[in-house]
Every structure is written in C-alpha cells, then in structure tokens.
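Structure file target-v9.cif; described as mmCIF, C-alpha atoms.
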data_my_file
loop_
_atom_site.label_atom_id
_atom_site.label_comp_id
_atom_site.auth_asym_id
_atom_site.auth_seq_id
_atom_site.Cartn_x
_atom_site.Cartn_y
_atom_site.Cartn_z
CA MET S 958 53.53 -18.16 -51.48
CA THR S 959 50.09 -16.63 -51.16
CA GLY S 960 46.75 -18.28 -51.64
CA THR S 961 43.74 -16.98 -53.52
CA LEU S 962 40.77 -15.03 -52.25
CA ARG S 963 37.56 -15.54 -54.19
CA ILE S 964 34.75 -13.11 -53.43
CA VAL S 965 31.71 -15.19 -54.24
CA GLY S 966 28.17 -14.15 -55.14
CA LEU S 967 25.88 -16.97 -54.00
CA GLY S 968 22.77 -15.81 -55.84
CA PRO S 969 19.48 -14.77 -54.23
CA GLY S 970 18.51 -17.98 -52.48
CA GLY S 971 18.97 -21.70 -52.85
CA PRO S 972 21.26 -23.81 -55.03
CA ALA S 973 19.01 -23.54 -58.09
CA HIS S 974 20.14 -19.95 -58.69
CA ARG S 975 23.77 -20.44 -57.72
CA THR S 976 26.35 -20.62 -60.49
CA ALA S 977 28.63 -23.60 -60.97
CA ALA S 978 31.64 -21.29 -60.55
CA ALA S 979 30.33 -20.09 -57.18
CA ALA S 980 29.72 -23.64 -56.00
CA GLU S 981 33.21 -24.70 -57.07
CA ALA S 982 34.81 -21.73 -55.32
CA VAL S 983 33.09 -22.45 -52.01
CA ALA S 984 33.48 -26.22 -52.07
CA GLY S 985 37.16 -25.95 -53.01
CA ALA S 986 38.12 -23.36 -50.41
CA ALA S 987 40.15 -24.18 -47.33
CA VAL S 988 38.57 -21.23 -45.48
CA VAL S 989 35.02 -19.91 -45.94
CA VAL S 990 34.26 -16.46 -44.51
CA GLY S 991 30.95 -14.63 -44.44
CA TYR S 992 28.01 -13.08 -42.64
CA GLY S 993 26.36 -15.94 -40.75
CA PRO S 994 23.12 -16.20 -42.77
CA TYR S 995 25.10 -16.12 -46.02
CA VAL S 996 27.34 -18.94 -44.84
CA GLU S 997 24.21 -20.94 -44.07
CA GLN S 998 23.00 -20.20 -47.61
CA CYS S 999 25.84 -22.37 -48.92
CA ALA S 1000 25.87 -24.91 -46.08
CA ASP S 1001 25.32 -27.74 -48.54
CA LEU S 1002 28.78 -27.03 -50.01
CA LEU S 1003 30.69 -27.04 -46.72
CA HIS S 1004 32.65 -30.05 -45.50
CA PRO S 1005 34.61 -31.01 -42.36
CA GLY S 1006 38.00 -30.22 -43.90
CA GLN S 1007 37.21 -26.50 -44.10
CA GLU S 1008 37.56 -23.71 -41.57
CA VAL S 1009 34.35 -21.70 -41.51
CA LEU S 1010 34.29 -18.18 -40.06
CA ARG S 1011 30.81 -16.75 -39.49
CA GLY S 1012 30.48 -13.02 -38.79
CA ALA S 1013 27.79 -10.57 -37.74
CA MET S 1014 26.21 -7.56 -39.41
CA GLY S 1015 28.43 -4.51 -39.14
CA GLU S 1016 31.68 -6.49 -39.25
CA GLU S 1017 32.21 -6.16 -43.00
CA VAL S 1018 35.63 -4.50 -42.83
CA ALA S 1019 36.88 -7.06 -40.31
CA ARG S 1020 35.63 -9.88 -42.56
CA ALA S 1021 37.40 -8.41 -45.56
CA ASP S 1022 40.66 -8.06 -43.63
CA GLU S 1023 40.41 -11.59 -42.21
CA ALA S 1024 39.78 -13.09 -45.63
CA LEU S 1025 42.71 -11.17 -47.13
CA ALA S 1026 45.02 -12.16 -44.27
CA ARG S 1027 44.14 -15.86 -44.58
CA ALA S 1028 44.72 -15.78 -48.33
CA ALA S 1029 47.99 -13.87 -47.91
CA ALA S 1030 49.13 -16.60 -45.51
CA GLY S 1031 48.63 -19.21 -48.22
CA ALA S 1032 45.04 -20.42 -47.89
CA ASP S 1033 42.45 -20.62 -50.66
CA VAL S 1034 39.62 -18.51 -49.23
CA ALA S 1035 36.00 -17.97 -50.25
CA LEU S 1036 34.39 -14.77 -48.95
CA VAL S 1037 30.68 -15.20 -49.59
CA SER S 1038 27.92 -12.67 -50.26
CA SER S 1039 24.28 -13.12 -51.11
CA GLY S 1040 23.23 -12.20 -54.65
CA ASP S 1041 26.15 -10.68 -56.53
CA ALA S 1042 29.10 -9.65 -54.37
CA GLY S 1043 29.60 -6.52 -56.48
CA VAL S 1044 26.03 -5.26 -55.96
CA TYR S 1045 25.69 -3.95 -52.40
CA GLY S 1046 27.96 -6.82 -51.35
CA MET S 1047 31.49 -7.49 -50.14
CA ALA S 1048 33.45 -7.08 -53.37
CA ALA S 1049 34.03 -3.31 -53.48
CA ARG S 1050 34.98 -3.03 -49.81
CA THR S 1051 37.33 -6.02 -50.00
CA LEU S 1052 39.03 -4.87 -53.21
CA ALA S 1053 39.56 -1.43 -51.71
CA ARG S 1054 41.24 -3.03 -48.68
CA ALA S 1055 43.34 -5.25 -50.94
CA ALA S 1056 44.50 -2.22 -52.91
CA GLU S 1057 46.00 -0.79 -49.71
CA LEU S 1058 48.35 -3.78 -49.38
CA SER S 1059 51.77 -3.89 -50.98
CA ALA S 1060 52.30 -6.16 -53.96
CA ALA S 1061 54.21 -8.57 -51.72
CA GLU S 1062 51.40 -8.71 -49.14
CA ARG S 1063 48.47 -8.89 -51.54
CA PRO S 1064 47.07 -12.31 -52.45
CA ALA S 1065 45.46 -13.11 -55.78
CA VAL S 1066 41.85 -11.92 -55.68
CA GLU S 1067 38.99 -12.98 -57.94
CA VAL S 1068 35.34 -11.91 -58.00
CA VAL S 1069 32.87 -14.68 -58.81
CA PRO S 1070 29.59 -13.18 -60.07
CA GLY S 1071 26.15 -14.19 -58.88
CA VAL S 1072 22.49 -13.57 -59.70
CA THR S 1073 21.47 -10.38 -57.92
CA ALA S 1074 18.07 -9.90 -56.29
CA ALA S 1075 16.75 -7.49 -58.93
CA LEU S 1076 17.21 -10.09 -61.66
CA ALA S 1077 15.65 -12.85 -59.55
CA ALA S 1078 12.69 -10.63 -58.70
CA GLY S 1079 12.33 -9.51 -62.31
CA ALA S 1080 12.16 -13.10 -63.52
CA LEU S 1081 9.39 -13.88 -61.03
CA LEU S 1082 7.38 -10.90 -62.26
CA GLY S 1083 8.02 -11.40 -65.98
CA ALA S 1084 10.43 -9.04 -67.71
CA PRO S 1085 10.09 -5.61 -66.10
CA LEU S 1086 13.78 -4.80 -66.67
CA GLY S 1087 13.75 -5.35 -70.43
CA ASP S 1088 14.42 -1.67 -71.07
CA ASP S 1089 16.84 0.67 -69.28
CA TRP S 1090 16.68 0.50 -65.50
CA ALA S 1091 18.45 1.65 -62.35
CA SER S 1092 18.98 0.11 -58.95
CA LEU S 1093 19.05 2.04 -55.68
CA SER S 1094 19.52 0.98 -52.08
CA LEU S 1095 17.20 2.90 -49.79
CA SER S 1096 19.34 2.18 -46.74
CA ASP S 1097 20.80 5.29 -45.16
CA LEU S 1098 23.05 3.46 -42.71
CA GLN S 1099 26.20 4.25 -44.72
CA VAL S 1100 24.92 6.91 -47.15
CA PRO S 1101 23.13 10.04 -45.89
CA TRP S 1102 19.42 10.12 -46.64
CA ALA S 1103 19.87 13.40 -48.53
CA THR S 1104 22.12 11.54 -50.99
CA VAL S 1105 19.66 8.67 -51.34
CA GLU S 1106 16.81 11.09 -52.05
CA ARG S 1107 18.86 13.11 -54.54
CA ARG S 1108 19.66 9.98 -56.52
CA LEU S 1109 16.07 8.77 -56.33
CA THR S 1110 14.74 12.09 -57.59
CA ALA S 1111 17.09 12.02 -60.57
CA VAL S 1112 16.17 8.52 -61.73
CA ALA S 1113 12.48 8.98 -60.96
CA ALA S 1114 12.39 11.89 -63.39
CA ALA S 1115 14.32 9.92 -66.03
CA GLY S 1116 11.50 7.44 -66.62
CA LEU S 1117 13.67 4.40 -65.90
CA ALA S 1118 12.40 1.22 -64.32
CA LEU S 1119 13.66 1.06 -60.75
CA ALA S 1120 14.87 -1.80 -58.58
CA LEU S 1121 14.73 -0.63 -54.98
CA TYR S 1122 16.82 -2.62 -52.49
CA ASN S 1123 16.58 -2.43 -48.67
CA PRO S 1124 13.31 -0.50 -48.85
CA ARG S 1125 12.15 -0.77 -45.23
CA SER S 1126 13.26 -2.21 -41.91
CA ALA S 1127 11.91 -2.36 -38.38
CA THR S 1128 13.64 0.93 -37.55
CA ARG S 1129 13.62 2.63 -40.99
CA THR S 1130 9.90 3.05 -41.56
CA TRP S 1131 9.36 6.61 -42.78
CA GLN S 1132 11.82 6.46 -45.67
CA LEU S 1133 9.66 4.27 -47.91
CA ASP S 1134 6.71 6.64 -47.52
CA ARG S 1135 9.01 9.48 -48.57
CA VAL S 1136 10.16 7.42 -51.57
CA LEU S 1137 6.57 6.91 -52.66
CA ALA S 1138 5.95 10.64 -52.36
CA VAL S 1139 8.99 11.45 -54.51
CA LEU S 1140 7.98 8.89 -57.13
CA GLY S 1141 4.45 10.28 -57.08
CA GLU S 1142 5.81 13.64 -58.27
CA HIS S 1143 7.10 12.02 -61.47
CA ARG S 1144 5.06 8.87 -62.07
CA ASP S 1145 1.38 8.10 -62.56
CA PRO S 1146 -0.33 6.67 -59.44
CA GLU S 1147 -1.26 3.58 -61.48
CA THR S 1148 2.39 2.81 -62.35
CA PRO S 1149 2.85 -0.95 -61.88
CA VAL S 1150 5.00 -2.07 -58.96
CA GLY S 1151 6.26 -5.57 -58.26
CA VAL S 1152 6.78 -6.57 -54.63
CA VAL S 1153 9.05 -9.59 -54.20
CA THR S 1154 10.16 -10.83 -50.81
CA ASP S 1155 12.67 -13.64 -50.22
CA ALA S 1156 13.19 -14.31 -53.93
CA GLY S 1157 14.43 -17.86 -54.42
CA ARG S 1158 14.13 -18.68 -50.70
CA PRO S 1159 11.59 -20.50 -48.54
CA GLY S 1160 8.63 -18.21 -47.95
CA GLN S 1161 9.05 -16.46 -51.29
CA SER S 1162 6.29 -13.92 -51.90
CA VAL S 1163 5.44 -12.24 -55.21
CA ALA S 1164 2.78 -9.58 -55.59
CA ARG S 1165 1.82 -6.92 -58.11
CA THR S 1166 0.34 -3.56 -57.21
CA THR S 1167 0.64 0.13 -58.15
CA LEU S 1168 2.38 3.13 -56.66
CA ALA S 1169 -0.93 4.28 -55.19
CA GLY S 1170 -1.82 0.82 -53.90
CA LEU S 1171 1.50 -0.20 -52.35
CA ASP S 1172 1.16 -1.08 -48.66
CA SER S 1173 4.47 -0.01 -47.17
CA ALA S 1174 3.81 -2.03 -44.01
CA ALA S 1175 4.04 -5.24 -46.07
CA VAL S 1176 7.59 -4.38 -47.22
CA THR S 1177 10.71 -5.59 -45.39
CA MET S 1178 14.50 -5.49 -45.78
CA ARG S 1179 14.23 -8.76 -47.72
CA THR S 1180 11.87 -7.19 -50.25
CA VAL S 1181 12.89 -5.87 -53.66
CA LEU S 1182 10.51 -3.35 -55.21
CA LEU S 1183 10.45 -3.14 -59.00
CA VAL S 1184 8.80 0.07 -60.21
CA ALA S 1185 7.86 0.11 -63.89
CA GLY S 1186 9.50 2.70 -66.12
CA GLU S 1187 7.89 4.63 -68.94
CA SER S 1188 8.07 1.60 -71.25
CA GLY S 1189 6.71 -0.81 -68.62
CA ARG S 1190 3.25 -2.28 -68.77
CA VAL S 1191 1.07 -5.13 -67.60
CA ALA S 1192 0.84 -7.98 -70.11
CA GLY S 1193 -1.56 -10.62 -68.81
CA PRO S 1194 -0.09 -11.97 -65.56
CA TRP S 1195 3.31 -10.37 -66.19
CA LEU S 1196 5.09 -7.05 -65.97
CA VAL S 1197 7.11 -6.33 -69.11
CA ALA S 1198 9.24 -3.54 -70.52
CA GLU S 1199 9.97 -3.58 -74.23
CA ARG S 1200 12.75 -1.48 -75.63
CA ALA S 1201 11.13 0.48 -78.46
CA GLY S 1202 12.94 0.13 -81.75
CA ALA S 1203 15.42 -2.46 -80.46
CA PRO S 1204 15.84 -5.81 -82.23
CA VAL S 1205 14.45 -8.87 -80.49
CA GLU S 1206 17.95 -10.22 -79.88
CA GLU S 1207 20.64 -7.70 -78.99
CA ALA S 1208 24.15 -8.37 -80.30
CA VAL S 1209 25.73 -7.70 -76.90
CA ARG S 1210 24.29 -8.75 -73.53
#
Let me see whether you can do it: turn the structure in this file into structure tokens.
Amino acid sequence: MTGTLRIVGLGPGGPAHRTAAAAEAVAGAAVVVGYGPYVEQCADLLHPGQEVLRGAMGEEVARADEALARAAAGADVALVSSGDAGVYGMAARTLARAAELSAAERPAVEVVPGVTAALAAGALLGAPLGDDWASLSLSDLQVPWATVERRLTAVAAAGLALALYNPRSATRTWQLDRVLAVLGEHRDPETPVGVVTDAGRPGQSVARTTLAGLDSAAVTMRTVLLVAGESGRVAGPWLVAERAGAPVEEAVR
C-alpha cells in the first residue's frame, strides 16, 4: 500500500490567500516537507502528530525524492511551495521524478493549486492582467541568461503585459538593468509599472512607477514587477488592462 503525495501551493503569503484545499492537505498530512520558510508559512496548520522536514535552498531534487519515498512507504505527504506549486515551484520537478518510478513504486500524486504571486500583485494594483499577459522568471541560476533575454525580447515586442518574477537579488544586480534596456527598445518610457514586494505578507509594499522611473535598487527577489501591455493604462489609483472587444464576463475562465 502506498500513501498519497500532495504538492501544495500555499498562496503568496498568509492564510487569507490560502485555499481550503491547501489547508486541508497540509493539516491532514502525516509528513510535511518543504523549504524552511515555506514550511513556516503554513505553521498554523502543523500539529505535534506530524513529521516536519524543513530543507534549504538548492535541495529541491532531494526534497522531491524524500517526499516521494515517504508517500511510497505509505504516508500521506504534503510537499509545500509558496504561491502555486506549478509556477516556478516544486510541482514540475517532483512530477518528473515520479514519472521515473515504476508503477509499483510510484505513489498517488496530486497537485493542489494556489494563488501565484502575479495574481496577488495584480489584485493589489487593480487589474493589470485583464488582457493577455506573460510571466517570466529573470533568474539565471538554472536557465542561461541568453535564454532569459531571448524570451524577454519576444514577449516585449508582442505588447503583452508582463509579470516578472525573481527580478533582482544581492548577487544578480545587472540583469534588471539589462531587462529595462530591452523593454525600452519596445515600450514607451512612460509605460506603467507596478512594483509589489512581499504580496500578502508582513511588510507588503505596493508602488506604481514607469519604465523610465523604476529604481532597480528598490527591487528584491521578493518583488514582482508588473509591466503594462499595450492595452494597459492608469485609471485613477489603479492599473487596468481591458480586453478590447471582449464581453464583460467571459464564458470560460
């Protein structure tokens, strides 16, 4: 008999933006596995009867294997990620590892969706993702910078609104300046930009600026940048993007 592994998206911050399904998966698990800060994000759901395994950055493959092994041995396991586990989270890596197991070795695996940072940041700014948009991670730790820049150039020219994850860290400082230069080749300097740091968490910061006015030094790894697309505009205190010609309520969401 095998257990079940649930790969859980905890949402961007506190319990207010965590789904009921995510809370149930974590509270009901015999084993909770995750990067230390993400485990702390759901500390209110943990109880003494659980085994809690906290890992460090860079140990993602080991975490996936441990979670799979515990579930294969019969435990109900929750592997937690911030935001949505399928968006720059643990889901893809863990599913790929699970696919390498034989049918007899593989436990049941479920992905529990969560609110990703782009959606949380968008809600704080208004509705800047109301038209087509794209998300990019600017981290080049696992993807070569040439690939990141190629993708950025393509979507910058397409006129889409952009959600930029992992824009700047203590050691990756020049990349954001390069991003602004690439965007400047395709977008007006006065293009609205939302700067949201720690969305849904203590210390949350929300600011609105432009491509020309963005202070890259104020941006961190916990910041999401939302760059308006060709249909984006400022509407009073909000950033909005209206899909031209679309009905107010779409039939499919």
(request) Just say which residues the PyMOL selection byres ((chain S and resi 1045) around 12) picks in this file, as a PyMOL selection string. (result) chain S and resi 966+1017+1038-1044+1046-1050+1073-1075+1092-1096+1099+1121-1123
I need the residue set behind the PyMOL selection byres ((chain S and resi 1127) around 10) for this file; please write it as a PDB file with C-alpha atoms, in the coordinates of the input.
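Contents of expr-v3.pdb, as written:
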ATOM      1  CA  ARG S1125      12.150  -0.770 -45.230  1.00  0.00           C
ATOM      2  CA  SER S1126      13.260  -2.210 -41.910  1.00  0.00           C
ATOM      3  CA  THR S1128      13.640   0.930 -37.550  1.00  0.00           C
ATOM      4  CA  ARG S1129      13.620   2.630 -40.990  1.00  0.00           C
ATOM      5  CA  THR S1130       9.900   3.050 -41.560  1.00  0.00           C
ATOM      6  CA  ALA S1174       3.810  -2.030 -44.010  1.00  0.00           C
ATOM      7  CA  THR S1177      10.710  -5.590 -45.390  1.00  0.00           C
ATOM      8  CA  MET S1178      14.500  -5.490 -45.780  1.00  0.00           C
TER       9      MET S1178
END
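Against this structure, the PyMOL selection byres ((chain S and resi 972) around 10) ends up with S:Leu967, S:Gly968, S:Pro969, S:Gly970, S:Gly971, S:Ala973, S:His974, S:Arg975, S:Thr976, S:Ala977, S:Ala980, S:Gln998, S:Cys999, S:Asp1001, S:Leu1002, S:Gly1157, S:Arg1158.
Nearest-residue note for Gly1031 of chain S: choosing from S:Ala1019, S:Met1014, S:Ala986, S:Val1197, the minimum distance belongs to S:Ala986, counting all atoms listed in the file.
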(message) Using only C-alpha atoms, which protein or nucleic acid residues come within 9 Å of Val1152 of chain S? Drop anything in the same chain fewer than 4 positions from it, and give the result as a ChimeraX atom specification.
(response) /S:1078,1082,1162-1166,1171,1176,1180-1184
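Coordinates place atom CA of Val989 of chain S at a distance of 10.9 Å from atom CA of Gly1006 of chain S.
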(request) Around the point (39.9, -15.5, -50.1) in the file's coordinates, collect all residues with an atom within 10 Å, using all atoms listed in the file, and return them as a PyMOL selection string. (result) chain S and resi 960-965+982-983+986-990+1021-1029+1031-1037+1051+1064-1068
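Distance-wise, atom CA of Leu1137 of chain S and atom CA of Pro1101 of chain S end up 18.2 Å apart.
Among S:Gly1116, S:Trp1195, S:Trp1131, S:Pro1124, the residue with the shortest atom-to-atom distance to His1143 of chain S, counting only C-alpha atoms, is S:Gly1116.
Nearest-residue note for Val1150 of chain S: choosing from S:Ala1201, S:Val1105, S:Leu1003, S:Leu1086, the minimum distance belongs to S:Leu1086, counting all atoms listed in the file.
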Within 10 Å of Ala1138 of chain S, counting only C-alpha atoms, which residues qualify if same-chain residues fewer than 6 places away don't, as a short mmCIF file (atom, residue, chain, number, x, y, z; two decimals) with C-alpha atoms, keeping the file's coordinate frame?
data_model
loop_
_atom_site.label_atom_id
_atom_site.label_comp_id
_atom_site.auth_asym_id
_atom_site.auth_seq_id
_atom_site.Cartn_x
_atom_site.Cartn_y
_atom_site.Cartn_z
CA GLN S 1132 11.82 6.46 -45.67
CA ARG S 1144 5.06 8.87 -62.07
CA LEU S 1168 2.38 3.13 -56.66
CA ALA S 1169 -0.93 4.28 -55.19
#
(message) Report, in Å to a single decimal, how far apart atom CA of Arg1135 of chain S and atom CA of Ala1113 of chain S are.
(response) 12.9 Å
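Here the question is which of S:Gly1079, S:Glu1062, S:Ser1188, S:Glu1106 gets nearest to Thr1154 of chain S using only C-alpha atoms, and that residue is S:Gly1079.
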